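**Q** File follows, work_13.txt with compact mmCIF, C-alpha atoms:
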# COMPACT_ATOMS: atom_id res chain seq x y z
CA MET K 1 111.50 52.98 38.42
CA LYS K 2 110.93 55.20 35.41
CA ILE K 3 107.95 54.05 33.34
CA ALA K 4 107.31 55.55 29.89
CA ILE K 5 103.92 54.94 28.25
CA LEU K 6 103.55 55.83 24.57
CA LEU K 7 100.41 57.64 23.44
CA TYR K 8 99.36 58.30 19.84
CA PRO K 9 96.13 59.41 18.14
CA GLY K 10 93.79 56.42 17.98
CA PHE K 11 95.29 54.50 20.93
CA THR K 12 92.96 52.24 22.92
CA ALA K 13 92.71 53.75 26.40
CA LEU K 14 92.37 50.60 28.51
CA ASP K 15 95.53 49.18 26.86
CA CYS K 16 97.59 51.70 28.78
CA ILE K 17 95.35 52.70 31.72
CA GLY K 18 95.02 49.09 32.93
CA PRO K 19 98.79 48.56 33.29
CA TYR K 20 99.29 52.16 34.46
CA GLU K 21 96.87 51.58 37.35
CA VAL K 22 98.93 48.58 38.47
CA LEU K 23 102.49 49.72 37.69
CA SER K 24 102.07 53.24 39.13
CA ARG K 25 101.66 51.56 42.54
CA LEU K 26 105.22 50.19 42.46
CA PRO K 27 107.29 51.96 45.13
CA GLY K 28 109.15 54.89 43.56
CA ALA K 29 107.31 54.59 40.25
CA GLU K 30 107.41 57.66 38.02
CA VAL K 31 105.09 57.37 35.02
CA THR K 32 105.54 59.62 31.98
CA PHE K 33 102.89 59.62 29.28
CA THR K 34 104.84 60.39 26.12
CA ALA K 35 103.80 61.11 22.52
CA ALA K 36 105.39 62.37 19.31
CA ALA K 37 104.68 65.83 20.73
CA ALA K 38 103.54 66.85 24.22
CA GLY K 39 99.85 67.73 24.59
CA ALA K 40 96.42 66.12 24.59
CA VAL K 41 96.17 62.88 22.60
CA THR K 42 92.79 61.59 21.43
CA SER K 43 91.93 57.91 21.87
CA ASP K 44 90.31 55.62 19.28
CA THR K 45 86.73 56.56 20.22
CA GLY K 46 87.28 60.28 19.82
CA PHE K 47 85.72 60.87 23.26
CA LEU K 48 88.80 60.66 25.47
CA ASN K 49 91.90 62.84 25.59
CA VAL K 50 94.91 61.92 27.71
CA THR K 51 97.76 64.38 28.16
CA ALA K 52 101.23 63.45 26.96
CA THR K 53 103.28 65.37 29.50
CA ARG K 54 106.42 64.94 27.40
CA GLY K 55 107.29 64.60 23.74
CA ILE K 56 109.56 61.74 22.63
CA ASP K 57 112.45 64.22 22.31
CA GLU K 58 112.21 64.89 26.06
CA VAL K 59 112.28 61.26 27.26
CA ALA K 60 115.74 59.76 26.79
CA ALA K 61 115.46 56.65 28.94
CA ALA K 62 113.08 54.46 30.93
CA ASP K 63 113.28 51.32 33.04
CA LEU K 64 109.98 50.12 31.60
CA LEU K 65 108.49 51.06 28.25
CA LEU K 66 104.85 50.28 27.48
CA VAL K 67 103.36 50.53 23.99
CA PRO K 68 99.56 50.26 23.79
CA GLY K 69 97.54 49.13 20.78
CA GLY K 70 94.64 50.66 18.96
CA PRO K 71 93.54 51.45 15.41
CA GLY K 72 96.02 54.35 15.35
CA ASP K 73 98.90 51.84 15.44
CA GLN K 74 99.21 51.80 11.65
CA ALA K 75 100.28 55.45 11.45
CA VAL K 76 102.82 54.88 14.25
CA MET K 77 104.27 51.90 12.37
CA ARG K 78 105.17 54.33 9.57
CA HIS K 79 106.41 57.14 11.85
CA GLU K 80 110.17 56.64 11.88
CA PRO K 81 110.95 59.12 14.71
CA THR K 82 108.65 57.19 17.08
CA LEU K 83 110.09 53.81 15.99
CA GLU K 84 113.59 55.19 16.52
CA TRP K 85 112.57 56.44 19.98
CA ILE K 86 111.26 52.96 20.83
CA ARG K 87 114.55 51.37 19.73
CA ARG K 88 116.58 53.95 21.68
CA LEU K 89 114.62 53.43 24.90
CA HIS K 90 114.60 49.67 24.45
CA ALA K 91 118.42 49.67 24.44
CA GLY K 92 118.34 50.76 28.09
CA THR K 93 115.12 49.30 29.50
CA THR K 94 114.77 46.51 32.01
CA TRP K 95 111.39 45.68 30.47
CA THR K 96 109.97 46.58 27.06
CA THR K 97 106.26 45.79 26.92
CA SER K 98 103.22 46.02 24.70
CA VAL K 99 99.49 45.48 25.02
CA CYS K 100 97.21 44.40 22.17
CA THR K 101 98.40 45.61 18.75
CA GLY K 102 101.16 47.59 20.45
CA ALA K 103 103.12 44.40 19.64
CA LEU K 104 102.83 45.26 15.94
CA ILE K 105 104.50 48.61 16.71
CA LEU K 106 107.33 46.81 18.53
CA GLY K 107 107.53 44.56 15.47
CA ALA K 108 107.69 47.53 13.09
CA ALA K 109 110.53 48.89 15.24
CA GLY K 110 112.36 45.63 14.53
CA LEU K 111 112.33 44.37 18.11
CA LEU K 112 110.47 41.09 17.64
CA ARG K 113 112.56 39.31 14.98
CA GLY K 114 112.94 35.66 15.92
CA LEU K 115 110.96 36.09 19.14
CA ARG K 116 107.77 34.52 20.44
CA ALA K 117 105.12 37.21 20.94
CA THR K 118 101.39 37.79 21.30
CA THR K 119 98.85 40.49 20.47
CA HIS K 120 95.07 40.87 20.10
CA TRP K 121 93.61 37.52 18.92
CA ALA K 122 92.31 39.07 15.67
CA SER K 123 95.80 40.38 14.74
CA LEU K 124 97.89 37.41 15.82
CA GLU K 125 98.99 36.29 12.34
CA GLU K 126 100.22 39.83 11.50
CA LEU K 127 103.12 39.25 13.89
CA ARG K 128 104.70 36.95 11.29
CA SER K 129 105.36 39.89 8.95
CA PHE K 130 107.80 41.22 11.55
CA GLY K 131 109.63 37.90 11.91
CA ALA K 132 107.94 37.04 15.21
CA GLU K 133 106.39 33.72 16.15
CA PRO K 134 102.75 34.29 17.16
CA VAL K 135 101.70 32.65 20.42
CA LYS K 136 98.12 32.58 21.69
CA ALA K 137 98.63 33.46 25.36
CA ARG K 138 97.61 36.09 27.91
CA ALA K 139 101.19 37.40 27.91
CA VAL K 140 104.47 36.18 26.41
CA GLU K 141 107.86 36.90 27.95
CA SER K 142 110.81 36.75 25.51
CA GLY K 143 113.83 37.95 27.43
CA LYS K 144 113.02 41.48 28.54
CA ILE K 145 110.25 41.91 25.97
CA VAL K 146 106.78 41.12 27.28
CA THR K 147 103.81 41.26 24.91
CA ALA K 148 100.23 40.98 26.17
CA ALA K 149 97.05 39.91 24.38
CA GLY K 150 94.16 42.30 23.65
CA VAL K 151 93.19 45.43 25.63
CA SER K 152 92.34 44.10 29.11
CA ALA K 153 95.28 41.65 29.09
CA GLY K 154 97.56 44.52 30.08
CA ILE K 155 96.19 44.34 33.63
CA ASP K 156 97.28 40.71 34.00
CA MET K 157 100.65 41.43 32.36
CA ALA K 158 101.27 44.32 34.75
CA LEU K 159 100.48 42.20 37.82
CA ARG K 160 103.01 39.61 36.57
CA LEU K 161 105.58 42.36 36.06
CA VAL K 162 105.02 43.59 39.63
CA GLN K 163 105.51 40.02 40.82
CA ARG K 164 108.83 39.85 38.91
CA ILE K 165 109.98 43.34 39.97
CA ALA K 166 108.84 43.50 43.59
CA GLY K 167 107.61 40.06 44.64
CA ASP K 168 104.42 38.13 45.30
CA ASP K 169 103.18 40.17 48.27
CA LEU K 170 103.14 43.48 46.45
CA ALA K 171 101.47 41.88 43.42
CA ARG K 172 98.78 40.44 45.73
CA GLY K 173 98.45 43.77 47.56
CA ILE K 174 97.98 45.73 44.34
CA GLN K 175 95.48 43.16 43.05
CA LEU K 176 93.47 43.53 46.27
CA GLY K 177 93.90 47.32 46.15
CA ILE K 178 92.24 47.48 42.72
CA GLU K 179 89.83 44.71 43.81
CA TYR K 180 90.67 42.71 40.70
CA ASP K 181 88.39 39.75 41.32
CA PRO K 182 86.92 39.46 37.83
CA ALA K 183 83.29 38.42 37.43
CA PRO K 184 82.11 39.16 33.90
CA PRO K 185 78.53 38.11 33.08
CA PHE K 186 79.78 35.66 30.42
CA ASP K 187 82.84 33.49 29.83
CA ALA K 188 83.34 35.07 26.42
CA GLY K 189 86.74 36.73 26.53
CA SER K 190 88.62 34.45 24.15
CA PRO K 191 87.76 33.25 20.63
CA GLU K 192 87.84 29.57 21.69
CA LYS K 193 84.95 30.29 24.03
CA LEU K 194 82.46 31.41 21.37
CA PRO K 195 80.95 29.88 18.21
CA GLY K 196 83.16 30.19 15.12
CA GLU K 197 80.57 32.22 13.17
CA PHE K 198 80.35 34.74 16.00
CA VAL K 199 84.14 35.10 16.14
CA ASP K 200 84.39 35.42 12.34
CA MET K 201 81.70 38.11 12.33
CA LEU K 202 83.56 40.11 14.99
CA ARG K 203 86.86 39.57 13.17
CA GLY K 204 85.24 41.14 10.10
CA VAL K 205 83.94 44.11 12.10
CA LEU K 206 87.37 44.72 13.63
CA ALA K 207 89.18 44.37 10.28
CA GLY K 208 86.73 46.82 8.72
CA ALA K 209 87.36 49.33 11.49
CA ARG K 210 91.13 48.98 11.05
CA ALA K 211 90.86 49.39 7.27
CA ALA K 212 88.68 52.51 7.66
CA ARG K 213 91.20 53.96 10.08
CA ALA K 214 94.07 53.22 7.67
CA ARG K 215 92.20 54.99 4.85
CA SER K 216 91.44 58.06 6.97
CA ALA K 217 95.10 58.22 8.13
CA ALA K 218 96.49 57.85 4.57
CA MET U 1 72.89 56.95 24.39
CA LYS U 2 74.45 59.95 26.14
CA ILE U 3 76.99 58.86 28.74
CA ALA U 4 78.41 61.41 31.20
CA ILE U 5 81.50 60.46 33.21
CA LEU U 6 82.48 62.69 36.13
CA LEU U 7 86.14 63.60 36.59
CA TYR U 8 87.66 65.38 39.60
CA PRO U 9 91.20 65.92 40.90
CA GLY U 10 92.35 62.70 42.56
CA PHE U 11 90.03 60.32 40.67
CA THR U 12 91.25 56.77 40.09
CA ALA U 13 91.71 56.37 36.35
CA LEU U 14 90.75 52.72 35.89
CA ASP U 15 87.44 53.39 37.73
CA CYS U 16 86.24 55.34 34.72
CA ILE U 17 88.42 54.07 31.85
CA GLY U 18 87.36 50.44 32.41
CA PRO U 19 83.63 51.16 32.00
CA TYR U 20 84.33 53.78 29.31
CA GLU U 21 86.13 51.16 27.20
CA VAL U 22 83.06 48.92 27.37
CA LEU U 23 80.21 51.45 27.25
CA SER U 24 81.71 53.56 24.44
CA ARG U 25 81.21 50.51 22.18
CA LEU U 26 77.42 50.66 22.56
CA PRO U 27 75.88 51.66 19.21
CA GLY U 28 75.30 55.40 19.17
CA ALA U 29 77.20 56.01 22.39
CA GLU U 30 78.37 59.56 23.02
CA VAL U 31 80.67 59.85 26.01
CA THR U 32 81.29 63.21 27.67
CA PHE U 33 84.01 63.48 30.32
CA THR U 34 82.73 66.20 32.63
CA ALA U 35 84.26 68.05 35.59
CA ALA U 36 83.48 71.07 37.76
CA ALA U 37 85.23 73.04 35.01
CA ALA U 38 86.36 71.94 31.54
CA GLY U 39 90.08 71.21 31.11
CA ALA U 40 92.72 68.68 32.14
CA VAL U 41 91.99 66.80 35.38
CA THR U 42 94.80 65.07 37.28
CA SER U 43 94.27 61.55 38.61
CA ASP U 44 95.21 60.26 42.07
CA THR U 45 98.80 59.35 41.13
CA GLY U 46 99.61 62.80 39.76
CA PHE U 47 100.99 61.20 36.58
CA LEU U 48 97.86 61.12 34.44
CA ASN U 49 95.70 63.93 33.11
CA VAL U 50 92.40 63.30 31.36
CA THR U 51 90.56 66.12 29.63
CA ALA U 52 87.10 67.09 30.81
CA THR U 53 85.64 68.26 27.52
CA ARG U 54 82.73 69.94 29.31
CA GLY U 55 82.11 71.59 32.66
CA ILE U 56 79.10 70.53 34.72
CA ASP U 57 77.28 73.72 33.66
CA GLU U 58 77.44 72.52 30.05
CA VAL U 59 75.99 69.02 30.59
CA ALA U 60 72.30 69.21 31.37
CA ALA U 61 71.28 65.59 30.87
CA ALA U 62 72.56 62.06 30.27
CA ASP U 63 71.10 58.61 29.78
CA LEU U 64 73.88 57.10 31.86
CA LEU U 65 75.89 58.86 34.56
CA LEU U 66 79.08 57.28 35.90
CA VAL U 67 80.85 58.52 39.03
CA PRO U 68 84.32 57.06 39.65
CA GLY U 69 86.06 56.78 43.01
CA GLY U 70 89.46 57.82 44.20
CA PRO U 71 91.06 59.67 47.11
CA GLY U 72 89.78 62.95 45.64
CA ASP U 73 86.21 61.84 46.44
CA GLN U 74 86.25 63.61 49.81
CA ALA U 75 86.51 67.08 48.26
CA VAL U 76 83.71 66.25 45.81
CA MET U 77 81.48 65.13 48.70
CA ARG U 78 81.72 68.71 50.03
CA HIS U 79 81.34 70.43 46.65
CA GLU U 80 77.65 71.34 46.53
CA PRO U 81 77.56 72.38 42.81
CA THR U 82 78.83 68.93 41.77
CA LEU U 83 76.40 67.14 44.12
CA GLU U 84 73.56 69.27 42.76
CA TRP U 85 74.66 68.38 39.18
CA ILE U 86 74.59 64.69 40.08
CA ARG U 87 71.06 65.03 41.51
CA ARG U 88 69.91 67.00 38.45
CA LEU U 89 71.27 64.45 35.97
CA HIS U 90 70.01 61.53 38.05
CA ALA U 91 66.45 62.88 37.73
CA GLY U 92 66.62 62.12 33.99
CA THR U 93 68.98 59.16 33.66
CA THR U 94 68.12 55.63 32.69
CA TRP U 95 71.12 54.43 34.73
CA THR U 96 73.04 56.20 37.48
CA THR U 97 76.23 54.32 38.28
CA SER U 98 79.34 54.44 40.43
CA VAL U 99 82.61 52.55 40.68
CA CYS U 100 84.60 52.13 43.90
CA THR U 101 84.20 55.07 46.31
CA GLY U 102 82.19 56.90 43.68
CA ALA U 103 79.31 55.32 45.65
CA LEU U 104 80.19 57.58 48.59
CA ILE U 105 79.74 60.57 46.27
CA LEU U 106 76.31 59.27 45.21
CA GLY U 107 75.63 58.84 48.93
CA ALA U 108 76.69 62.42 49.71
CA ALA U 109 74.34 63.58 46.95
CA GLY U 110 71.55 61.84 48.87
CA LEU U 111 70.83 59.20 46.24
CA LEU U 112 71.46 56.05 48.28
CA ARG U 113 69.11 56.51 51.26
CA GLY U 114 67.41 53.21 52.02
CA LEU U 115 69.12 51.44 49.13
CA ARG U 116 71.45 48.44 48.93
CA ALA U 117 74.81 49.52 47.50
CA THR U 118 78.46 48.53 47.25
CA THR U 119 81.84 50.24 47.01
CA HIS U 120 85.55 49.39 47.49
CA TRP U 121 85.82 46.65 50.16
CA ALA U 122 87.85 48.92 52.48
CA SER U 123 85.15 51.63 52.44
CA LEU U 124 82.06 49.44 52.61
CA GLU U 125 80.94 50.45 56.12
CA GLU U 126 81.11 54.16 55.20
CA LEU U 127 78.00 53.64 53.07
CA ARG U 128 75.93 53.46 56.28
CA SER U 129 76.56 57.16 57.01
CA PHE U 130 74.52 57.93 53.88
CA GLY U 131 71.63 55.69 54.88
CA ALA U 132 72.63 52.92 52.47
CA GLU U 133 72.81 49.21 53.24
CA PRO U 134 76.33 47.96 52.39
CA VAL U 135 76.45 44.79 50.30
CA LYS U 136 79.66 42.91 49.51
CA ALA U 137 79.18 42.18 45.80
CA ARG U 138 80.84 42.86 42.45
CA ALA U 139 77.95 45.20 41.56
CA VAL U 140 74.60 46.00 43.17
CA GLU U 141 71.54 47.09 41.18
CA SER U 142 68.96 49.09 43.16
CA GLY U 143 66.40 50.28 40.67
CA LYS U 144 68.28 52.42 38.18
CA ILE U 145 71.24 52.96 40.50
CA VAL U 146 74.10 50.49 39.98
CA THR U 147 77.12 50.62 42.28
CA ALA U 148 80.25 48.58 41.59
CA ALA U 149 83.01 47.39 43.93
CA GLY U 150 86.60 48.68 43.77
CA VAL U 151 88.40 50.05 40.69
CA SER U 152 88.45 47.08 38.25
CA ALA U 153 84.85 46.10 39.12
CA GLY U 154 83.64 48.81 36.76
CA ILE U 155 84.54 46.61 33.79
CA ASP U 156 82.23 43.84 35.00
CA MET U 157 79.49 46.33 35.84
CA ALA U 158 79.72 47.88 32.39
CA LEU U 159 79.44 44.50 30.66
CA ARG U 160 76.29 43.80 32.71
CA LEU U 161 74.89 47.19 31.70
CA VAL U 162 75.54 46.41 28.02
CA GLN U 163 73.72 43.12 28.53
CA ARG U 164 70.74 44.99 30.02
CA ILE U 165 70.81 47.79 27.43
CA ALA U 166 71.63 45.91 24.22
CA GLY U 167 71.45 42.18 24.92
CA ASP U 168 73.70 39.19 25.46
CA ASP U 169 75.32 39.10 22.02
CA LEU U 170 76.67 42.63 22.17
CA ALA U 171 77.94 42.08 25.72
CA ARG U 172 79.75 38.92 24.54
CA GLY U 173 81.07 40.73 21.45
CA ILE U 174 82.47 43.61 23.48
CA GLN U 175 84.00 41.20 25.98
CA LEU U 176 85.73 39.38 23.13
CA GLY U 177 86.67 42.69 21.50
CA ILE U 178 88.56 43.76 24.64
CA GLU U 179 89.75 40.15 25.10
CA TYR U 180 88.53 40.18 28.69
CA ASP U 181 89.55 36.66 29.65
CA PRO U 182 91.12 37.47 33.02
CA ALA U 183 94.20 35.54 34.16
CA PRO U 184 95.85 37.31 37.08
CA PRO U 185 98.88 35.55 38.59
CA PHE U 186 97.09 35.15 41.94
CA ASP U 187 93.53 34.70 43.16
CA ALA U 188 93.91 37.70 45.45
CA GLY U 189 91.30 40.20 44.31
CA SER U 190 88.96 40.04 47.28
CA PRO U 191 89.63 40.32 51.05
CA GLU U 192 88.18 36.83 51.73
CA LYS U 193 90.93 35.38 49.57
CA LEU U 194 93.87 36.61 51.65
CA PRO U 195 95.00 36.24 55.28
CA GLY U 196 93.32 38.63 57.73
CA GLU U 197 96.61 40.26 58.78
CA PHE U 198 97.46 41.02 55.16
CA VAL U 199 94.05 42.57 54.54
CA ASP U 200 94.24 44.61 57.78
CA MET U 201 97.68 45.88 56.81
CA LEU U 202 96.42 47.01 53.40
CA ARG U 203 93.30 48.53 54.97
CA GLY U 204 95.62 50.62 57.15
CA VAL U 205 97.70 51.74 54.18
CA LEU U 206 94.58 52.75 52.23
CA ALA U 207 93.05 54.57 55.24
CA GLY U 208 96.33 56.44 55.74
CA ALA U 209 96.38 57.52 52.10
CA ARG U 210 92.78 58.73 52.32
CA ALA U 211 93.48 60.65 55.55
CA ALA U 212 96.57 62.29 54.02
CA ARG U 213 94.53 63.30 50.98
CA ALA U 214 91.79 64.73 53.22
CA ARG U 215 94.37 66.81 55.13
CA SER U 216 95.98 68.13 51.94
CA ALA U 217 92.56 69.01 50.50
CA ALA U 218 91.41 70.78 53.69
Please go through the file and, once you have read it, give me the structure as structure tokens.

**A**
Amino acid sequence: MKIAILLYPGFTALDCIGPYEVLSRLPGAEVTFTAAAAGAVTSDTGFLNVTATRGIDEVAAADLLLVPGGPGDQAVMRHEPTLEWIRRLHAGTTWTTSVCTGALILGAAGLLRGLRATTHWASLEELRSFGAEPVKARAVESGKIVTAAGVSAGIDMALRLVQRIAGDDLARGIQLGIEYDPAPPFDAGSPEKLPGEFVDMLRGVLAGARAARARSAA
Amino acid sequence: MKIAILLYPGFTALDCIGPYEVLSRLPGAEVTFTAAAAGAVTSDTGFLNVTATRGIDEVAAADLLLVPGGPGDQAVMRHEPTLEWIRRLHAGTTWTTSVCTGALILGAAGLLRGLRATTHWASLEELRSFGAEPVKARAVESGKIVTAAGVSAGIDMALRLVQRIAGDDLARGIQLGIEYDPAPPFDAGSPEKLPGEFVDMLRGVLAGARAARARSAA
């Protein structure tokens, strides 16, 4: 089971580390963190660097491709060599997956046309510009393409993938292994669960952060 | 808010990346990934390298210290310079925290004597050897020391810390920002939720992995 995880400057770390923690426990899993060029890649906060052990030129195939989101997604959506790499891998994958706004990158690569898909709640409508049908869900499976909602949703998506790939017992075993028995202090993880003004305020903060990132990348 | 996160060979990535994703969104947060020496540090799977931007000699103080778990914990528990660094930072922290078997490292540093604490469910009884009282809980607060349960529990602990540090609204905003609305395919994240034989089998697998790691590190 060859798993390729894309990294790029400005990725959101939990988008890929959540699913990595689950999927790397599949028997025979080999995970390759891959970026436009091999080397350390800085996440969206600027505080965290994860090593891409291979450049995209060195990874010709994978059974499972995972594309994380993050404010750096906009530069990736204009980086044709990376989009071409995604299309090339996708031609041979068993599963092509995204977390959060990684779905917009899959969309920019042309993979979501006519498909149901999801992404971070604040970016859901953007899926339409790639010909996808936005769906508010924790994860959406459209053939071999699975898109997950924002950031932490990748953990749930990965457990479902383990269930599909290796069965219920391994999925349960991995869930118990990472003691994933969620108990957040609030029930506030989805926009329907909070007052509209609060959600709109946060939507504005997130849009501002994305716009600032786009300006600094331009 | 200076946040220091310890890295060491064989750490479990989600133990630190979960809380990092939450805590790095505190206003004014500065996160420093720190290891015995600066440079890339390989996680327990061998597939992931995270950069320690500073060595322990370069980080003299932090407001919040976080110690992750992982099969590499056993070597850290015998590495006196790292234990001394933990004690030195702890003297000045507002919060000293651990995820998973990171609690055993706090224990080896002598910080848990006489305190209630938690860790990964399969290692809970080991806390007694450090004079701590094991508690089965998602997170345990004993004065300024907060210990979380296994791997994914760090996300919940971090949201509670944000609540304590910056209030309910920011904790809710961060939870919505990372869309933490958990929906795993099974309710299997805690040993009470699965058959005893299944839990015992997994306990054996985990103990075997820890023993193998201890032999290879010796």

**Q** Between K:Glu21, K:Glu197, K:Asp15, K:Glu30, single out the one closest to Ile178 (chain K), counting all atoms listed in the file.

**A** K:Glu21

**Q** Please check which residues have atoms at most 12 Å from (111.9, 48.3, 14.9) in the file's coordinates, counting all atoms listed in the file, and write them as an mmCIF file with C-alpha atoms, keeping the file's coordinate frame.

**A**
data_model
loop_
_atom_site.group_PDB
_atom_site.id
_atom_site.type_symbol
_atom_site.label_atom_id
_atom_site.label_comp_id
_atom_site.auth_asym_id
_atom_site.auth_seq_id
_atom_site.Cartn_x
_atom_site.Cartn_y
_atom_site.Cartn_z
ATOM 1 C CA VAL K 76 102.820 54.880 14.250
ATOM 2 C CA MET K 77 104.270 51.900 12.370
ATOM 3 C CA ARG K 78 105.170 54.330 9.570
ATOM 4 C CA HIS K 79 106.410 57.140 11.850
ATOM 5 C CA GLU K 80 110.170 56.640 11.880
ATOM 6 C CA PRO K 81 110.950 59.120 14.710
ATOM 7 C CA THR K 82 108.650 57.190 17.080
ATOM 8 C CA LEU K 83 110.090 53.810 15.990
ATOM 9 C CA GLU K 84 113.590 55.190 16.520
ATOM 10 C CA TRP K 85 112.570 56.440 19.980
ATOM 11 C CA ILE K 86 111.260 52.960 20.830
ATOM 12 C CA ARG K 87 114.550 51.370 19.730
ATOM 13 C CA ARG K 88 116.580 53.950 21.680
ATOM 14 C CA LEU K 89 114.620 53.430 24.900
ATOM 15 C CA HIS K 90 114.600 49.670 24.450
ATOM 16 C CA ALA K 91 118.420 49.670 24.440
ATOM 17 C CA ALA K 103 103.120 44.400 19.640
ATOM 18 C CA LEU K 104 102.830 45.260 15.940
ATOM 19 C CA ILE K 105 104.500 48.610 16.710
ATOM 20 C CA LEU K 106 107.330 46.810 18.530
ATOM 21 C CA GLY K 107 107.530 44.560 15.470
ATOM 22 C CA ALA K 108 107.690 47.530 13.090
ATOM 23 C CA ALA K 109 110.530 48.890 15.240
ATOM 24 C CA GLY K 110 112.360 45.630 14.530
ATOM 25 C CA LEU K 111 112.330 44.370 18.110
ATOM 26 C CA LEU K 112 110.470 41.090 17.640
ATOM 27 C CA ARG K 113 112.560 39.310 14.980
ATOM 28 C CA PHE K 130 107.800 41.220 11.550
ATOM 29 C CA GLY K 131 109.630 37.900 11.910
ATOM 30 C CA ALA K 132 107.940 37.040 15.210
#

**Q** So what do you get for CA of Tyr180 (chain U) versus CA of Pro19 (chain U), distance-wise?

**A**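 Interatomic distance here is 12.5 Å.
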
**Q** Which residue gives the smallest distance to Ser142 (chain K) among K:Gly167, K:Gly92, K:Gly114, K:Gly154, with only C-alpha atoms counted?

**A**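 That would be K:Gly114, the residue with the smallest distance to Ser142 (chain K).
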
**Q** By how many Å are CA of Asp200 (chain K) and CA of Glu125 (chain K) apart?

**A**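 Separating CA of Asp200 (chain K) from CA of Glu125 (chain K) is a distance of 14.6 Å.
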
**Q** Considering all atoms listed in the file, extract the chain K residues located within 8 Å of chain U and return them as a PyMOL selection string.

**A** chain K and resi 13-14+17-18+21+24+30-33+40+45+47-51+120-121+138+149-153+155-157+159-160+172-173+175-191+202
